[in-house]
>>> print(open('upload.cif').read())   # mmCIF, C-alpha atoms and all ligand atoms
data_final
#
loop_
_atom_site.label_atom_id
_atom_site.label_comp_id
_atom_site.auth_asym_id
_atom_site.auth_seq_id
_atom_site.Cartn_x
_atom_site.Cartn_y
_atom_site.Cartn_z
CA MET G 1363 22.20 9.24 12.83
CA ALA G 1364 25.95 8.90 12.93
CA GLU G 1365 27.58 11.70 14.97
CA GLU G 1366 31.19 12.72 14.91
CA GLY G 1367 32.95 10.21 17.15
CA ASP G 1368 30.58 7.36 16.26
CA LEU G 1369 32.21 4.44 14.52
CA LEU G 1370 31.14 5.01 10.92
CA LYS G 1371 30.33 2.04 8.70
CA GLU G 1372 32.39 1.78 5.54
CA ALA G 1373 30.21 1.23 2.49
CA MET G 1374 30.21 -1.92 0.40
CA PHE G 1375 30.59 -1.76 -3.39
CA TYR G 1376 32.65 1.29 -4.31
CA ARG G 1377 36.05 2.01 -5.77
CA ARG G 1378 38.53 4.83 -5.56
CA VAL G 1379 38.94 6.76 -8.82
CA ASP G 1380 40.94 9.96 -9.46
CA GLY G 1381 42.56 11.32 -6.30
CA ASN G 1382 40.13 10.95 -3.43
CA ALA G 1383 36.98 10.68 -5.54
CA VAL G 1384 35.05 7.41 -5.38
CA GLN G 1385 32.56 5.67 -7.62
CA CYS G 1386 29.70 3.98 -5.81
CA GLU G 1387 28.71 0.64 -7.34
CA LEU G 1388 25.82 -0.18 -5.06
CA CYS G 1389 23.08 0.91 -7.42
CA ARG G 1390 22.81 1.57 -11.12
CA ARG G 1391 23.28 5.31 -10.72
CA ASN G 1392 26.99 4.66 -10.17
CA CYS G 1393 27.48 8.08 -8.57
CA LEU G 1394 30.92 9.63 -8.93
CA ILE G 1395 31.38 11.24 -5.52
CA PRO G 1396 34.08 13.87 -4.92
CA GLU G 1397 35.76 14.09 -1.51
CA GLY G 1398 33.44 15.53 1.13
CA LYS G 1399 30.31 14.97 -0.97
CA ARG G 1400 27.41 12.49 -0.95
CA GLY G 1401 25.74 10.43 -3.64
CA PHE G 1402 22.28 11.01 -5.11
CA CYS G 1403 20.70 9.06 -2.23
CA ARG G 1404 22.14 11.53 0.36
CA VAL G 1405 23.23 8.76 2.72
CA ARG G 1406 26.62 7.69 1.33
CA GLU G 1407 29.44 10.14 1.97
CA ASN G 1408 33.02 10.29 0.72
CA ARG G 1409 35.40 11.19 3.54
CA SER G 1410 39.02 11.35 2.40
CA GLY G 1411 38.48 8.70 -0.26
CA THR G 1412 36.53 6.27 1.90
CA LEU G 1413 32.79 5.91 1.30
CA TYR G 1414 30.62 5.63 4.41
CA ALA G 1415 27.05 4.44 4.91
CA LEU G 1416 25.57 7.16 7.12
CA THR G 1417 22.33 5.42 8.09
CA PHE G 1418 23.85 2.11 9.18
CA GLU G 1419 21.91 0.99 12.30
CA HIS G 1420 19.67 4.10 12.15
CA PRO G 1421 16.19 2.88 11.14
CA LEU G 1422 13.20 5.09 10.35
CA PRO G 1423 10.54 3.90 10.86
CA LEU G 1424 10.58 0.55 12.66
CA GLN G 1425 7.32 -1.29 13.22
CA VAL G 1426 5.53 -4.63 13.03
CA ASP G 1427 3.38 -5.11 9.89
CA PRO G 1428 1.36 -7.94 8.39
CA ILE G 1429 3.26 -9.38 5.41
CA GLU G 1430 0.25 -8.50 3.23
CA LYS G 1431 1.14 -4.82 3.65
CA LYS G 1432 4.41 -5.14 1.71
CA PRO G 1433 2.52 -6.40 -0.40
CA LEU G 1434 3.47 -10.08 -0.44
CA PHE G 1435 0.37 -12.28 -0.85
CA HIS G 1436 1.98 -15.64 -1.62
CA PHE G 1437 4.70 -15.70 1.01
CA TYR G 1438 3.66 -16.94 4.47
CA PRO G 1439 0.19 -15.32 4.35
CA GLY G 1440 -0.90 -13.93 7.71
CA SER G 1441 2.61 -13.66 9.12
CA ARG G 1442 4.02 -10.74 11.11
CA VAL G 1443 7.16 -9.02 9.95
CA LEU G 1444 9.38 -6.45 11.67
CA SER G 1445 9.68 -3.71 9.06
CA LEU G 1446 12.19 -0.90 8.76
CA GLY G 1447 13.47 1.72 6.39
CA THR G 1448 15.92 4.60 6.64
CA VAL G 1449 16.00 8.10 5.18
CA GLY G 1450 17.18 8.57 1.59
CA CYS G 1451 16.49 6.91 -1.76
CA ASN G 1452 18.24 6.31 -5.05
CA MET G 1453 15.19 7.56 -6.96
CA SER G 1454 13.20 10.77 -6.53
CA CYS G 1455 9.74 9.79 -7.74
CA LEU G 1456 7.30 12.66 -8.11
CA HIS G 1457 4.57 10.40 -6.65
CA CYS G 1458 6.51 9.12 -3.64
CA GLN G 1459 4.23 8.38 -0.69
CA ASN G 1460 7.21 8.33 1.66
CA TYR G 1461 8.81 11.51 0.33
CA GLU G 1462 9.30 12.99 3.80
CA SER G 1463 11.88 10.29 4.53
CA SER G 1464 12.94 9.19 1.03
CA GLN G 1465 13.88 12.71 -0.06
CA ALA G 1466 15.49 13.69 3.26
CA SER G 1467 19.01 13.67 4.65
CA PRO G 1468 20.06 11.97 7.89
CA GLU G 1469 20.46 15.38 9.59
CA ASP G 1470 16.77 16.14 9.05
CA PHE G 1471 15.75 13.64 11.73
CA ASP G 1472 16.79 12.66 15.20
CA LEU G 1473 17.35 9.06 14.14
CA PRO G 1474 17.38 6.25 16.70
CA THR G 1475 20.24 3.76 16.87
CA VAL G 1476 19.30 0.07 16.69
CA SER G 1477 22.14 -2.41 16.26
CA CYS G 1478 21.70 -5.42 13.98
CA HIS G 1479 21.66 -7.73 17.01
CA ASP G 1480 19.04 -5.59 18.76
CA LEU G 1481 16.92 -5.53 15.63
CA ILE G 1482 16.80 -9.32 15.46
CA ARG G 1483 16.08 -9.46 19.19
CA LEU G 1484 13.16 -7.06 18.65
CA ALA G 1485 11.80 -9.25 15.86
CA LEU G 1486 11.87 -12.32 18.10
CA GLN G 1487 10.43 -10.47 21.13
CA ASN G 1488 7.55 -9.23 18.96
CA LYS G 1489 6.82 -12.75 17.71
CA CYS G 1490 7.62 -11.85 14.12
CA GLU G 1491 8.36 -14.58 11.61
CA GLY G 1492 10.58 -12.32 9.52
CA VAL G 1493 12.26 -8.98 8.93
CA ALA G 1494 11.43 -6.65 6.02
CA PHE G 1495 13.61 -3.88 4.62
CA THR G 1496 11.10 -1.52 3.12
CA TYR G 1497 9.41 1.94 3.12
CA THR G 1498 12.16 3.72 1.17
CA GLU G 1499 14.75 1.61 -0.68
CA PRO G 1500 16.78 -1.14 1.03
CA THR G 1501 19.61 -0.79 -1.48
CA ILE G 1502 20.69 2.53 -0.03
CA PHE G 1503 20.99 1.04 3.47
CA PHE G 1504 22.42 -2.16 2.07
CA GLU G 1505 25.07 -2.79 4.77
CA TYR G 1506 22.41 -2.65 7.51
CA ALA G 1507 20.01 -4.88 5.56
CA PHE G 1508 22.81 -7.29 4.64
CA GLU G 1509 24.13 -7.79 8.18
CA CYS G 1510 20.63 -8.02 9.66
CA SER G 1511 19.63 -10.55 7.01
CA LYS G 1512 22.58 -12.79 7.85
CA LEU G 1513 21.67 -12.68 11.55
CA ALA G 1514 17.98 -13.19 10.79
CA LYS G 1515 18.72 -16.40 8.89
CA GLU G 1516 20.77 -17.71 11.83
CA GLU G 1517 17.70 -17.17 14.06
CA GLY G 1518 15.28 -18.87 11.65
CA LEU G 1519 13.59 -15.64 10.55
CA PHE G 1520 12.75 -14.98 6.91
CA THR G 1521 13.98 -11.85 5.13
CA VAL G 1522 12.17 -9.56 2.72
CA PHE G 1523 13.13 -6.63 0.49
CA VAL G 1524 10.55 -4.21 -0.85
CA SER G 1525 12.57 -2.57 -3.57
CA ASN G 1526 12.60 -0.38 -6.66
CA GLY G 1527 14.92 -2.99 -8.17
CA PHE G 1528 17.60 -0.48 -9.19
CA MET G 1529 20.47 -2.13 -7.31
CA SER G 1530 23.67 -3.19 -9.08
CA SER G 1531 24.18 -6.80 -10.09
CA GLN G 1532 26.95 -7.10 -7.45
CA ALA G 1533 24.58 -5.97 -4.69
CA ALA G 1534 21.81 -8.27 -5.92
CA GLU G 1535 24.14 -11.28 -6.06
CA ALA G 1536 25.44 -10.51 -2.55
CA ILE G 1537 22.01 -10.43 -0.92
CA ILE G 1538 20.49 -13.39 -2.79
CA PRO G 1539 21.87 -16.09 -0.42
CA PHE G 1540 20.28 -14.28 2.54
CA LEU G 1541 17.03 -13.12 0.95
CA ASP G 1542 13.80 -15.13 0.94
CA ALA G 1543 11.38 -12.79 -0.80
CA ILE G 1544 11.29 -9.53 -2.68
CA ASN G 1545 8.55 -7.29 -3.98
CA ILE G 1546 9.87 -5.15 -6.83
CA ASP G 1547 8.11 -2.10 -8.22
CA LEU G 1548 7.83 -2.20 -11.99
CA LYS G 1549 6.80 1.39 -12.48
CA GLY G 1550 6.40 1.79 -16.22
CA SER G 1551 8.32 2.52 -19.41
CA ASP G 1552 11.89 3.74 -19.62
CA LYS G 1553 10.50 7.22 -20.25
CA PHE G 1554 8.52 6.97 -17.01
CA TYR G 1555 11.69 6.09 -15.08
CA ARG G 1556 13.59 8.97 -16.68
CA ASP G 1557 10.89 11.65 -16.38
CA ILE G 1558 9.18 10.73 -13.11
CA CYS G 1559 11.75 8.85 -11.02
CA GLY G 1560 14.69 11.24 -11.18
CA ASN G 1561 16.33 10.07 -14.39
CA ALA G 1562 16.42 6.39 -13.41
CA ARG G 1563 16.20 3.58 -16.00
CA LEU G 1564 13.98 0.62 -16.71
CA GLN G 1565 16.39 -2.09 -17.90
CA PRO G 1566 18.22 -2.71 -14.57
CA VAL G 1567 14.82 -3.22 -12.90
CA LEU G 1568 13.79 -5.81 -15.51
CA ASP G 1569 17.16 -7.54 -15.16
CA ASN G 1570 16.79 -7.75 -11.39
CA ILE G 1571 13.23 -9.13 -11.46
CA LYS G 1572 14.55 -11.92 -13.67
CA ARG G 1573 17.73 -12.37 -11.64
CA PHE G 1574 15.95 -12.77 -8.29
CA PHE G 1575 13.32 -15.09 -9.72
CA GLU G 1576 15.87 -17.32 -11.43
CA ALA G 1577 17.95 -17.43 -8.23
CA GLY G 1578 14.98 -18.92 -6.36
CA VAL G 1579 13.99 -15.84 -4.35
CA HIS G 1580 10.20 -15.52 -4.03
CA VAL G 1581 9.29 -12.57 -6.29
CA GLU G 1582 6.13 -10.48 -6.46
CA VAL G 1583 5.76 -7.33 -8.58
CA THR G 1584 3.85 -4.12 -7.90
CA ASN G 1585 2.69 -1.62 -10.51
CA LEU G 1586 1.26 1.67 -9.22
CA ILE G 1587 -1.10 2.92 -11.93
CA ILE G 1588 -0.96 6.71 -12.26
CA PRO G 1589 -3.59 8.30 -14.53
CA THR G 1590 -2.11 9.77 -17.74
CA LYS G 1591 1.43 8.67 -16.75
CA ASN G 1592 1.46 4.88 -17.08
CA ASP G 1593 -2.16 3.79 -17.52
CA SER G 1594 -2.37 3.19 -21.28
CA ASP G 1595 -3.14 -0.29 -22.57
CA ALA G 1596 0.40 -0.38 -23.94
CA ASP G 1597 1.82 0.37 -20.45
CA LEU G 1598 -0.36 -2.23 -18.75
CA LYS G 1599 0.41 -4.84 -21.42
CA PHE G 1600 4.11 -4.19 -21.12
CA VAL G 1601 4.15 -4.76 -17.35
CA SER G 1602 1.93 -7.84 -17.59
CA GLU G 1603 3.74 -9.42 -20.51
CA PHE G 1604 7.16 -8.83 -18.98
CA CYS G 1605 6.12 -10.57 -15.73
CA ALA G 1606 4.54 -13.41 -17.70
CA SER G 1607 7.74 -13.77 -19.75
CA VAL G 1608 9.65 -14.45 -16.52
CA SER G 1609 6.93 -16.70 -15.08
CA THR G 1610 3.14 -16.78 -15.15
CA ASP G 1611 3.39 -17.78 -11.46
CA ILE G 1612 4.63 -14.31 -10.43
CA PRO G 1613 1.92 -12.50 -8.43
CA LEU G 1614 1.31 -9.02 -9.88
CA HIS G 1615 -0.23 -6.26 -7.77
CA PHE G 1616 -1.87 -3.29 -9.49
CA SER G 1617 -2.12 -0.50 -6.98
CA ALA G 1618 -4.22 2.67 -7.01
CA PHE G 1619 -2.51 6.07 -6.98
CA PHE G 1620 -3.66 8.95 -4.77
CA PRO G 1621 -2.47 12.54 -5.30
CA VAL G 1622 0.66 13.18 -3.24
CA TYR G 1623 3.98 15.05 -3.14
CA ARG G 1624 4.63 16.56 -6.60
CA MET G 1625 1.63 14.92 -8.27
CA LEU G 1626 -1.13 16.72 -6.44
CA ASP G 1627 -2.73 17.73 -9.75
CA VAL G 1628 -3.14 14.12 -10.96
CA PRO G 1629 -6.48 12.43 -10.13
CA PRO G 1630 -6.69 9.12 -8.23
CA THR G 1631 -6.80 5.89 -10.23
CA SER G 1632 -10.35 4.74 -10.97
CA LYS G 1633 -11.53 1.28 -10.01
CA ASP G 1634 -12.45 0.65 -13.66
CA VAL G 1635 -8.85 1.19 -14.80
CA LEU G 1636 -7.57 -1.18 -12.11
CA LEU G 1637 -10.05 -3.88 -13.12
CA HIS G 1638 -9.15 -3.36 -16.79
CA ALA G 1639 -5.47 -3.79 -15.86
CA ARG G 1640 -6.35 -7.05 -14.11
CA ASP G 1641 -8.06 -8.29 -17.28
CA ILE G 1642 -5.01 -7.40 -19.39
CA ALA G 1643 -2.71 -9.25 -17.01
CA GLY G 1644 -5.01 -12.28 -17.11
CA GLN G 1645 -4.89 -12.22 -20.92
CA ALA G 1646 -1.09 -12.14 -20.69
CA GLY G 1647 -1.32 -15.46 -18.84
CA LEU G 1648 -0.56 -14.36 -15.28
CA LYS G 1649 -2.27 -16.65 -12.78
CA TYR G 1650 -2.31 -14.37 -9.75
CA VAL G 1651 -3.28 -10.73 -10.25
CA TYR G 1652 -4.43 -8.39 -7.48
CA VAL G 1653 -5.88 -4.92 -7.31
CA GLY G 1654 -4.97 -2.93 -4.22
CA ASN G 1655 -5.53 0.39 -2.49
CA VAL G 1656 -9.15 0.59 -3.63
CA PRO G 1657 -12.29 -0.45 -1.69
CA GLY G 1658 -14.73 -3.07 -2.84
CA VAL G 1659 -12.44 -5.45 -4.73
CA GLU G 1660 -11.84 -8.93 -3.31
CA GLN G 1661 -8.23 -9.95 -2.83
CA HIS G 1662 -8.62 -13.68 -2.22
CA THR G 1663 -6.43 -16.19 -4.03
CA PHE G 1664 -8.10 -18.97 -5.99
CA CYS G 1665 -6.54 -22.05 -7.52
CA PRO G 1666 -5.83 -21.20 -11.17
CA VAL G 1667 -6.69 -24.79 -12.17
CA CYS G 1668 -9.85 -25.76 -10.22
CA GLY G 1669 -10.97 -22.43 -8.73
CA GLU G 1670 -10.76 -23.55 -5.07
CA LEU G 1671 -10.32 -20.75 -2.50
CA LEU G 1672 -6.67 -20.92 -1.42
CA VAL G 1673 -6.12 -17.82 0.71
CA GLU G 1674 -8.89 -15.65 2.13
CA ARG G 1675 -8.05 -11.98 2.66
CA ASP G 1676 -9.80 -9.11 4.34
CA THR G 1677 -7.79 -5.83 4.21
CA PHE G 1678 -4.49 -6.92 5.76
CA ARG G 1679 -5.78 -10.12 7.36
CA ALA G 1680 -5.13 -13.41 5.59
CA VAL G 1681 -6.11 -17.00 6.33
CA VAL G 1682 -4.70 -19.94 4.38
CA ARG G 1683 -7.63 -22.21 3.49
CA ASN G 1684 -6.70 -24.94 1.04
CA VAL G 1685 -2.95 -25.00 0.46
CA LYS G 1686 -0.56 -27.67 1.65
CA ASP G 1687 3.10 -28.07 0.66
CA GLY G 1688 2.66 -25.58 -2.19
CA LYS G 1689 -0.31 -27.45 -3.66
CA CYS G 1690 -4.05 -26.90 -3.89
CA THR G 1691 -5.57 -29.46 -1.51
CA LYS G 1692 -8.52 -30.06 -3.87
CA CYS G 1693 -6.88 -30.69 -7.27
CA LEU G 1694 -3.25 -31.08 -6.08
CA SER G 1695 -1.96 -28.59 -8.65
CA GLU G 1696 1.23 -26.69 -7.76
CA VAL G 1697 0.34 -23.20 -6.59
CA ASN G 1698 3.09 -20.67 -5.97
CA ILE G 1699 2.24 -20.05 -2.29
CA LYS G 1700 4.65 -20.56 0.62
CA THR G 1701 2.93 -21.43 3.89
S1 LIG S 1801 23.58 3.90 -3.69
FE1 LIG S 1801 23.47 6.16 -3.57
S2 LIG S 1801 25.58 6.86 -3.83
FE2 LIG S 1801 25.51 4.74 -4.51
S3 LIG S 1801 25.19 4.87 -6.74
FE3 LIG S 1801 23.18 4.66 -5.80
S4 LIG S 1801 22.42 6.73 -5.46
FE4 LIG S 1801 24.62 6.87 -5.86
S1 LIG S 1802 11.70 4.48 -5.30
FE1 LIG S 1802 10.04 4.35 -3.83
S2 LIG S 1802 10.79 5.31 -1.93
FE2 LIG S 1802 12.17 5.92 -3.62
S3 LIG S 1802 11.38 7.87 -4.30
FE3 LIG S 1802 10.46 6.30 -5.60
S4 LIG S 1802 8.50 5.80 -4.63
FE4 LIG S 1802 9.76 6.90 -3.12
#
>>> encode(input="upload.cif", output="structure tokens")
Amino acid sequence: MAEEGDLLKEAMFYRRVDGNAVQCELCRRNCLIPEGKRGFCRVRENRSGTLYALTFEHPLPLQVDPIEKKPLFHFYPGSRVLSLGTVGCNMSCLHCQNYESSQASPEDFDLPTVSCHDLIRLALQNKCEGVAFTYTEPTIFFEYAFECSKLAKEEGLFTVFVSNGFMSSQAAEAIIPFLDAINIDLKGSDKFYRDICGNARLQPVLDNIKRFFEAGVHVEVTNLIIPTKNDSDADLKFVSEFCASVSTDIPLHFSAFFPVYRMLDVPPTSKDVLLHARDIAGQAGLKYVYVGNVPGVEQHTFCPVCGELLVERDTFRAVVRNVKDGKCTKCLSEVNIKT
């Protein structure tokens, strides 16, 4: 992480308020940060009235993943993507699988330094087709993601965010020209966001799903189903019907929960509930619905018009079978799959 003497990166999206306090406008928490303090995410610090991004060029972890792992199923299936996160998050979900990094401060780790140029070089050396900002929340390391995304586009790489969708409209508008695809978690009701995710809110997430889709960014949505917390028919209908209201072409991923972090007393999601959720989403009109994190459920994509196999998947391996130029090769219907 940044040491004294390092050149610190000034944050984007903040304004000076009373005295040397600042208001961060990067995400919808809008933290008011007194001098010498940090925001909720622990990685943006006010030093004498200037806000700094402490994890700029300090990734954790950094690895090559299949794109299916994000999950993105309709965006260059089978491609390799250099994936990175940093410590910190603007939510504090009780079920966070990455809590050791998302709920940590930069000092808690001996973080490596990887410049934006080196990151893009690594992606090319590792024969990746793209770069993904993921694992925790790309919004809180926005400056790093933003500069890397600009460089990635210059080198012909695609860019991906895996996000909780709680960024401000200014941040979303800034990244849109340099972002190809995003998977946004739609976690549940407003009450779920307030009670489980550290007093976050639902509406900004809904606004951003719509905003990215309407701007032409490829959007997929993930809903982690947690027993007794967001698994009622009303919850599942809400998620499905919202996605369908934006577009029935949006792929929706229902994912199984496993006990972790501060939800060790909650049982794992049953396969029956996941399959029931898939039925509800189908009734809402969504054409592409997947069930993940549970064995024994096929994850292939079929043409919603003629039923032809479009993409064959086996765990995180994917092979495009019958798609060309965004169309099913059998019936020539448009299918929302980039290849
Ligand atoms: S990015 Fe961090 S500091 Fe800024 S508003 Fe969000 S949580 Fe607060
Ligand atoms: S938004 Fe994601 S990374 Fe952040 S705390 Fe919640 S589950 Fe963890």
>>> residues_near_point(input="upload.cif", point="(0.2, -0.6, -20.7)", cutoff="10 Å", atoms="all atoms listed in the file", output="PyMOL selection string")
chain G and resi 1550-1551+1587+1592-1603+1639+1642-1643
>>> residues_near_ligand(input="upload.cif", ligand="ligand LIG 1802 (chain S)", cutoff="6 Å", atoms="all atoms listed in the file", output="list in words")
Cys1451, Met1453, Ser1454, Cys1455, Cys1458, Asn1460, Tyr1461, Ser1464, Thr1498, Glu1499 and Asn1526 of chain G
>>> residues_near_ligand(input="upload.cif", ligand="ligand LIG 1801 (chain S)", cutoff="10 Å", atoms="only C-alpha atoms and all ligand atoms", output="ChimeraX atom specification")
/G:1373-1376,1384-1395,1399-1408,1413-1415,1450-1453,1499-1504,1528-1530,1533,1562
>>> write_last_selection(input="upload.cif", atoms="C-alpha atoms", output="short mmCIF file (atom, residue, chain, number, x, y, z; two decimals), keeping the file's coordinate frame")
data_model
loop_
_atom_site.label_atom_id
_atom_site.label_comp_id
_atom_site.auth_asym_id
_atom_site.auth_seq_id
_atom_site.Cartn_x
_atom_site.Cartn_y
_atom_site.Cartn_z
CA ALA G 1373 30.21 1.23 2.49
CA MET G 1374 30.21 -1.92 0.40
CA PHE G 1375 30.59 -1.76 -3.39
CA TYR G 1376 32.65 1.29 -4.31
CA VAL G 1384 35.05 7.41 -5.38
CA GLN G 1385 32.56 5.67 -7.62
CA CYS G 1386 29.70 3.98 -5.81
CA GLU G 1387 28.71 0.64 -7.34
CA LEU G 1388 25.82 -0.18 -5.06
CA CYS G 1389 23.08 0.91 -7.42
CA ARG G 1390 22.81 1.57 -11.12
CA ARG G 1391 23.28 5.31 -10.72
CA ASN G 1392 26.99 4.66 -10.17
CA CYS G 1393 27.48 8.08 -8.57
CA LEU G 1394 30.92 9.63 -8.93
CA ILE G 1395 31.38 11.24 -5.52
CA LYS G 1399 30.31 14.97 -0.97
CA ARG G 1400 27.41 12.49 -0.95
CA GLY G 1401 25.74 10.43 -3.64
CA PHE G 1402 22.28 11.01 -5.11
CA CYS G 1403 20.70 9.06 -2.23
CA ARG G 1404 22.14 11.53 0.36
CA VAL G 1405 23.23 8.76 2.72
CA ARG G 1406 26.62 7.69 1.33
CA GLU G 1407 29.44 10.14 1.97
CA ASN G 1408 33.02 10.29 0.72
CA LEU G 1413 32.79 5.91 1.30
CA TYR G 1414 30.62 5.63 4.41
CA ALA G 1415 27.05 4.44 4.91
CA GLY G 1450 17.18 8.57 1.59
CA CYS G 1451 16.49 6.91 -1.76
CA ASN G 1452 18.24 6.31 -5.05
CA MET G 1453 15.19 7.56 -6.96
CA GLU G 1499 14.75 1.61 -0.68
CA PRO G 1500 16.78 -1.14 1.03
CA THR G 1501 19.61 -0.79 -1.48
CA ILE G 1502 20.69 2.53 -0.03
CA PHE G 1503 20.99 1.04 3.47
CA PHE G 1504 22.42 -2.16 2.07
CA PHE G 1528 17.60 -0.48 -9.19
CA MET G 1529 20.47 -2.13 -7.31
CA SER G 1530 23.67 -3.19 -9.08
CA ALA G 1533 24.58 -5.97 -4.69
CA ALA G 1562 16.42 6.39 -13.41
#
>>> atom_distance(input="upload.cif", atom1="CA of Asp1480 in chain G", atom2="CA of Pro1433 in chain G")
25.3 Å
>>> atom_distance(input="upload.cif", atom1="CA of Val1581 in chain G", atom2="CA of Leu1568 in chain G")
12.3 Å
>>> closest_residue(input="upload.cif", among="G:Leu1636, G:Ala1646, G:Ile1429, G:Val1628", to="Val1659 in chain G", atoms="only C-alpha atoms")
G:Leu1636
>>> residues_around(input="upload.cif", residues="Glu1419 in chain G", least_positions_apart="5", cutoff="6 Å", atoms="all atoms listed in the file", output="VMD selection string")
chain G and resid 1475 to 1477
>>> closest_residue(input="upload.cif", among="G:Val1579, G:Asp1380, G:Ser1632, G:Lys1572", to="Cys1605 in chain G", atoms="all atoms listed in the file")
G:Lys1572
>>> decode(input="upload.cif", residues="range 1406-1446 of chain G", atoms="C-alpha atoms", output="PDB file, in the first residue's frame")
ATOM      1  CA  ARG G1406     -10.173   7.057   0.984  1.00  0.00           C
ATOM      2  CA  GLU G1407      -8.441   9.408   3.398  1.00  0.00           C
ATOM      3  CA  ASN G1408      -8.729  13.147   3.972  1.00  0.00           C
ATOM      4  CA  ARG G1409      -5.306  14.723   4.422  1.00  0.00           C
ATOM      5  CA  SER G1410      -5.489  18.471   4.981  1.00  0.00           C
ATOM      6  CA  GLY G1411      -8.631  18.815   2.893  1.00  0.00           C
ATOM      7  CA  THR G1412      -7.480  16.660  -0.013  1.00  0.00           C
ATOM      8  CA  LEU G1413      -9.020  13.213  -0.441  1.00  0.00           C
ATOM      9  CA  TYR G1414      -6.635  10.422  -1.436  1.00  0.00           C
ATOM     10  CA  ALA G1415      -7.241   6.968  -2.885  1.00  0.00           C
ATOM     11  CA  LEU G1416      -5.001   4.768  -0.734  1.00  0.00           C
ATOM     12  CA  THR G1417      -5.175   1.572  -2.790  1.00  0.00           C
ATOM     13  CA  PHE G1418      -4.366   3.121  -6.174  1.00  0.00           C
ATOM     14  CA  GLU G1419      -2.066   0.633  -7.980  1.00  0.00           C
ATOM     15  CA  HIS G1420      -2.190  -1.805  -5.025  1.00  0.00           C
ATOM     16  CA  PRO G1421      -4.216  -4.828  -6.193  1.00  0.00           C
ATOM     17  CA  LEU G1422      -5.296  -7.757  -4.024  1.00  0.00           C
ATOM     18  CA  PRO G1423      -5.675 -10.336  -5.421  1.00  0.00           C
ATOM     19  CA  LEU G1424      -4.547 -10.381  -9.053  1.00  0.00           C
ATOM     20  CA  GLN G1425      -5.139 -13.494 -11.135  1.00  0.00           C
ATOM     21  CA  VAL G1426      -6.357 -14.863 -14.456  1.00  0.00           C
ATOM     22  CA  ASP G1427      -9.952 -16.184 -14.419  1.00  0.00           C
ATOM     23  CA  PRO G1428     -12.387 -17.527 -16.996  1.00  0.00           C
ATOM     24  CA  ILE G1429     -15.022 -14.864 -17.719  1.00  0.00           C
ATOM     25  CA  GLU G1430     -17.677 -17.370 -16.579  1.00  0.00           C
ATOM     26  CA  LYS G1431     -16.392 -16.957 -13.015  1.00  0.00           C
ATOM     27  CA  LYS G1432     -17.510 -13.312 -12.777  1.00  0.00           C
ATOM     28  CA  PRO G1433     -20.207 -14.538 -13.689  1.00  0.00           C
ATOM     29  CA  LEU G1434     -20.671 -13.257 -17.237  1.00  0.00           C
ATOM     30  CA  PHE G1435     -22.217 -15.956 -19.462  1.00  0.00           C
ATOM     31  CA  HIS G1436     -23.160 -13.892 -22.521  1.00  0.00           C
ATOM     32  CA  PHE G1437     -20.003 -11.860 -22.957  1.00  0.00           C
ATOM     33  CA  TYR G1438     -17.181 -13.537 -24.909  1.00  0.00           C
ATOM     34  CA  PRO G1439     -17.844 -17.029 -23.480  1.00  0.00           C
ATOM     35  CA  GLY G1440     -14.661 -18.984 -22.839  1.00  0.00           C
ATOM     36  CA  SER G1441     -12.415 -15.929 -22.668  1.00  0.00           C
ATOM     37  CA  ARG G1442      -9.646 -15.298 -20.138  1.00  0.00           C
ATOM     38  CA  VAL G1443      -9.681 -12.159 -18.060  1.00  0.00           C
ATOM     39  CA  LEU G1444      -7.043 -10.644 -15.775  1.00  0.00           C
ATOM     40  CA  SER G1445      -8.963 -10.028 -12.562  1.00  0.00           C
ATOM     41  CA  LEU G1446      -8.135  -7.798  -9.627  1.00  0.00           C
TER      42      LEU G1446
END
